[in-house]
Amino acid sequence: MNMQTTLAGVTFQNPVMTASGTFGSGMEYSEFVDLNKLGAVVTKGVANVPWPGNPTPRVAEVYGGMLNAIGLQNPGIDVFMERDIPFLKQYDTKIIVNVCGKSVEDYVEVVERLGEEPAVSMLEINVSCPNVKEGAIAFGQKADALYHITQEIKKKAKQPIIMKLSPNVTDITEMARAAEAAGADALSLINTLTGMKIDIHKRKFAIANKTGGMSGPAIKPIAVRMVYQTAQAVQIPIIGMGGIANAEDAIEFLLAGASAISVGAMNFVNPYCTMEIVQGIADYMERYHIENLSELIGAVQA
Amino acid sequence: MKEKQTARVISQKEIAPMIFDMWIETGLAAQALPGQFICVYTKDKSTLLPRPISICEVKEDKTALRIVYRVAGQGTREFSTYVAGDAIDILGTLGNGFPVEKGNGKKVFLMGGGIGVPPILQLAKEMQAEKQILLGYRDGNLFLKEDMDAYGQVYVATEDGSCGTKGNVMDAIAANGIDADVIFACGPMPMLRAIKKYAEDNGIDAYISLEEHMACGVGACLGCVVKTKEVDHHSHVHNARICTDGPVFEAKEVEI
């Protein structure tokens, strides 16, 4: 049985990855998860300088999921290169670094620094975080802005780039096509859906930022739909995510057209989730006599 | 070593209105420190996130943990229905715990307010010091007060004045004319702010246990941060993680 999957010329031992922001740089979950068994670790977003993030409360529970507005707190690229990359290099897994910024120049600065590090296999460009006021989402909700930033990053990037798309748009396929036309090597979707929760007893917003990004199993059908529509619209490979809790969910995304999948909020609920999904996909392939994982990708029938 | 496991409820009872006292049989008791916490998971899949609950007591033979918690919402309401023999999913043990050694041999205040009272019990059991235990309650439901009596001199404050000093734990310090070399505390934010100020005014150290909404409980999500005086070692931005860098901080190190 072959569980390998290839995106933009990079081959992963299996399609199971960690969604950016839910797994740090792997260190915290390495007590629970054998990182050697993951397809890739996708890191928390890293900027050119340290970002303090938003005020608390930053997280809230909602039915079947959660809201977060962390605001991309991160130590900046210097600390990341000195501490996080060497940590991840100890493991036999691929490293995908999520890159965030407030301007095109910010993104490009980080992308150029990461270009010096051959251990980084791919870059995921975060143009879809709903929780920071400037940059990020501003690039991910207008097709022309997305086209422009993708093109600028692509000029400087040494590694293949994945554009991470926001679901908070009228037509995600329009964004996907713009990224593809500008030279993106892959897409990842979906980022969180913008939501709100009000504490009726305190008559206050549950999250200090007022709005937060919703994730968790409750958003899965929306994510599967968007992955399917995007897979129909572009030729470049897709990393699918949004509420994946188990192998059945992961396989749905593969059938919808994702070449790999990421586990996000469910890491918080079940820290062993990624390992169980790797095993569950293998069990499914055995049960249905699937020799190569690629047979499943986009294999949903009308 | 942190671990998520399915443990077993040994017993549960309501010891004050909406305050529940549960013993859980778990191997995690062997590593539990006073001031650490566990995450407890609901069986209802609509409430996904773990509930962080402080460790109140560790059984002498290290085979069980006691948690005392308030029913605050859907998740804790579910926990309150568990009976002996029920399975309970927990992750632990989490956080740094109180620096017990900083109090040993000294004259200390061990202060708990409201649902911040429970972690003070195991701390009082383990610390070798001249212990003055200050407990603040809303009313005369003095949960865990009798448990504490064995480990030090207990002073009570109640908001409604039904027992001890009328007011809060700070009022109890003044009313009883007591002092200390070092403070260890857990409770609501106004109480912790008052303790931070009291410690600064009196030039003594205080170690306070903080609370914040959490998602992962293990330091990955960066949901539960507190502003710090110094640059934090994780993100280098003056935001320490309460779940892993805390929940116990030196009062002068945090901006609350």
# chains A, B, ... in the order shown; residues from 1 in each chain; ligands from 1
>>> interface_residues(of="chain B", to="chain A", cutoff="10 Å", atoms="only C-alpha atoms", output="ChimeraX atom specification")
/B:1-4,39,41-42,44-50,91,212-227,232-239,244
>>> select_by_dssp(residues="segment 87-145 of chain A", states="strand (DSSP E)", output="number ranges by chain")
A: 94-99, 120-126
>>> closest_residue(among="A:Ser121, A:Thr194, A:Gln232, A:Asn48", to="Ile137 of chain A", atoms="only C-alpha atoms")
A:Thr194
>>> atom_distance(atom1="atom CA of Gln128 of chain B", atom2="atom CA of Leu110 of chain B")
12.1 Å
>>> select_by_dssp(residues="segment 31-200 of chain B", states="alpha helix (DSSP H)", output="VMD selection string")
chain B and resid 74 to 80 118 to 126 145 to 149 169 to 176 189 to 200
>>> decode(residues="segment 278-297 of chain A", atoms="N, CA and C atoms", output="PDB file, in the first residue's frame")
ATOM      1  N   VAL A 278      -3.903   8.797  10.335  1.00  0.00           N
ATOM      2  CA  VAL A 278      -2.956   8.074   9.466  1.00  0.00           C
ATOM      3  C   VAL A 278      -3.330   6.589   9.446  1.00  0.00           C
ATOM      4  N   GLN A 279      -3.554   6.025  10.618  1.00  0.00           N
ATOM      5  CA  GLN A 279      -3.911   4.601  10.719  1.00  0.00           C
ATOM      6  C   GLN A 279      -5.268   4.327  10.064  1.00  0.00           C
ATOM      7  N   GLY A 280      -6.209   5.223  10.289  1.00  0.00           N
ATOM      8  CA  GLY A 280      -7.564   5.028   9.755  1.00  0.00           C
ATOM      9  C   GLY A 280      -7.605   5.075   8.230  1.00  0.00           C
ATOM     10  N   ILE A 281      -6.772   5.924   7.634  1.00  0.00           N
ATOM     11  CA  ILE A 281      -6.711   5.974   6.163  1.00  0.00           C
ATOM     12  C   ILE A 281      -6.117   4.664   5.647  1.00  0.00           C
ATOM     13  N   ALA A 282      -5.089   4.176   6.319  1.00  0.00           N
ATOM     14  CA  ALA A 282      -4.469   2.899   5.927  1.00  0.00           C
ATOM     15  C   ALA A 282      -5.500   1.771   6.014  1.00  0.00           C
ATOM     16  N   ASP A 283      -6.276   1.762   7.092  1.00  0.00           N
ATOM     17  CA  ASP A 283      -7.309   0.721   7.249  1.00  0.00           C
ATOM     18  C   ASP A 283      -8.343   0.792   6.131  1.00  0.00           C
ATOM     19  N   TYR A 284      -8.728   2.011   5.772  1.00  0.00           N
ATOM     20  CA  TYR A 284      -9.721   2.211   4.711  1.00  0.00           C
ATOM     21  C   TYR A 284      -9.180   1.707   3.369  1.00  0.00           C
ATOM     22  N   MET A 285      -7.906   2.043   3.107  1.00  0.00           N
ATOM     23  CA  MET A 285      -7.293   1.612   1.841  1.00  0.00           C
ATOM     24  C   MET A 285      -7.233   0.092   1.761  1.00  0.00           C
ATOM     25  N   GLU A 286      -6.942  -0.523   2.904  1.00  0.00           N
ATOM     26  CA  GLU A 286      -6.876  -1.986   2.923  1.00  0.00           C
ATOM     27  C   GLU A 286      -8.265  -2.578   2.680  1.00  0.00           C
ATOM     28  N   ARG A 287      -9.238  -2.013   3.368  1.00  0.00           N
ATOM     29  CA  ARG A 287     -10.605  -2.519   3.268  1.00  0.00           C
ATOM     30  C   ARG A 287     -11.138  -2.458   1.838  1.00  0.00           C
ATOM     31  N   TYR A 288     -10.808  -1.367   1.128  1.00  0.00           N
ATOM     32  CA  TYR A 288     -11.323  -1.196  -0.230  1.00  0.00           C
ATOM     33  C   TYR A 288     -10.279  -1.512  -1.304  1.00  0.00           C
ATOM     34  N   HIS A 289      -9.219  -2.186  -0.882  1.00  0.00           N
ATOM     35  CA  HIS A 289      -8.169  -2.619  -1.820  1.00  0.00           C
ATOM     36  C   HIS A 289      -7.644  -1.469  -2.674  1.00  0.00           C
ATOM     37  N   ILE A 290      -7.329  -0.373  -2.013  1.00  0.00           N
ATOM     38  CA  ILE A 290      -6.745   0.773  -2.705  1.00  0.00           C
ATOM     39  C   ILE A 290      -5.218   0.635  -2.609  1.00  0.00           C
ATOM     40  N   GLU A 291      -4.550   0.540  -3.731  1.00  0.00           N
ATOM     41  CA  GLU A 291      -3.099   0.370  -3.737  1.00  0.00           C
ATOM     42  C   GLU A 291      -2.371   1.694  -3.509  1.00  0.00           C
ATOM     43  N   ASN A 292      -2.842   2.723  -4.174  1.00  0.00           N
ATOM     44  CA  ASN A 292      -2.200   4.037  -4.086  1.00  0.00           C
ATOM     45  C   ASN A 292      -3.195   5.092  -3.631  1.00  0.00           C
ATOM     46  N   LEU A 293      -2.731   5.900  -2.695  1.00  0.00           N
ATOM     47  CA  LEU A 293      -3.596   6.960  -2.169  1.00  0.00           C
ATOM     48  C   LEU A 293      -4.145   7.832  -3.297  1.00  0.00           C
ATOM     49  N   SER A 294      -3.346   8.021  -4.340  1.00  0.00           N
ATOM     50  CA  SER A 294      -3.753   8.902  -5.444  1.00  0.00           C
ATOM     51  C   SER A 294      -5.060   8.449  -6.083  1.00  0.00           C
ATOM     52  N   GLU A 295      -5.389   7.175  -5.938  1.00  0.00           N
ATOM     53  CA  GLU A 295      -6.653   6.674  -6.500  1.00  0.00           C
ATOM     54  C   GLU A 295      -7.868   7.326  -5.834  1.00  0.00           C
ATOM     55  N   LEU A 296      -7.666   7.815  -4.600  1.00  0.00           N
ATOM     56  CA  LEU A 296      -8.789   8.394  -3.867  1.00  0.00           C
ATOM     57  C   LEU A 296      -9.008   9.871  -4.177  1.00  0.00           C
ATOM     58  N   ILE A 297      -7.947  10.533  -4.653  1.00  0.00           N
ATOM     59  CA  ILE A 297      -8.010  11.988  -4.775  1.00  0.00           C
ATOM     60  C   ILE A 297      -8.991  12.398  -5.872  1.00  0.00           C
TER      61      ILE A 297
END
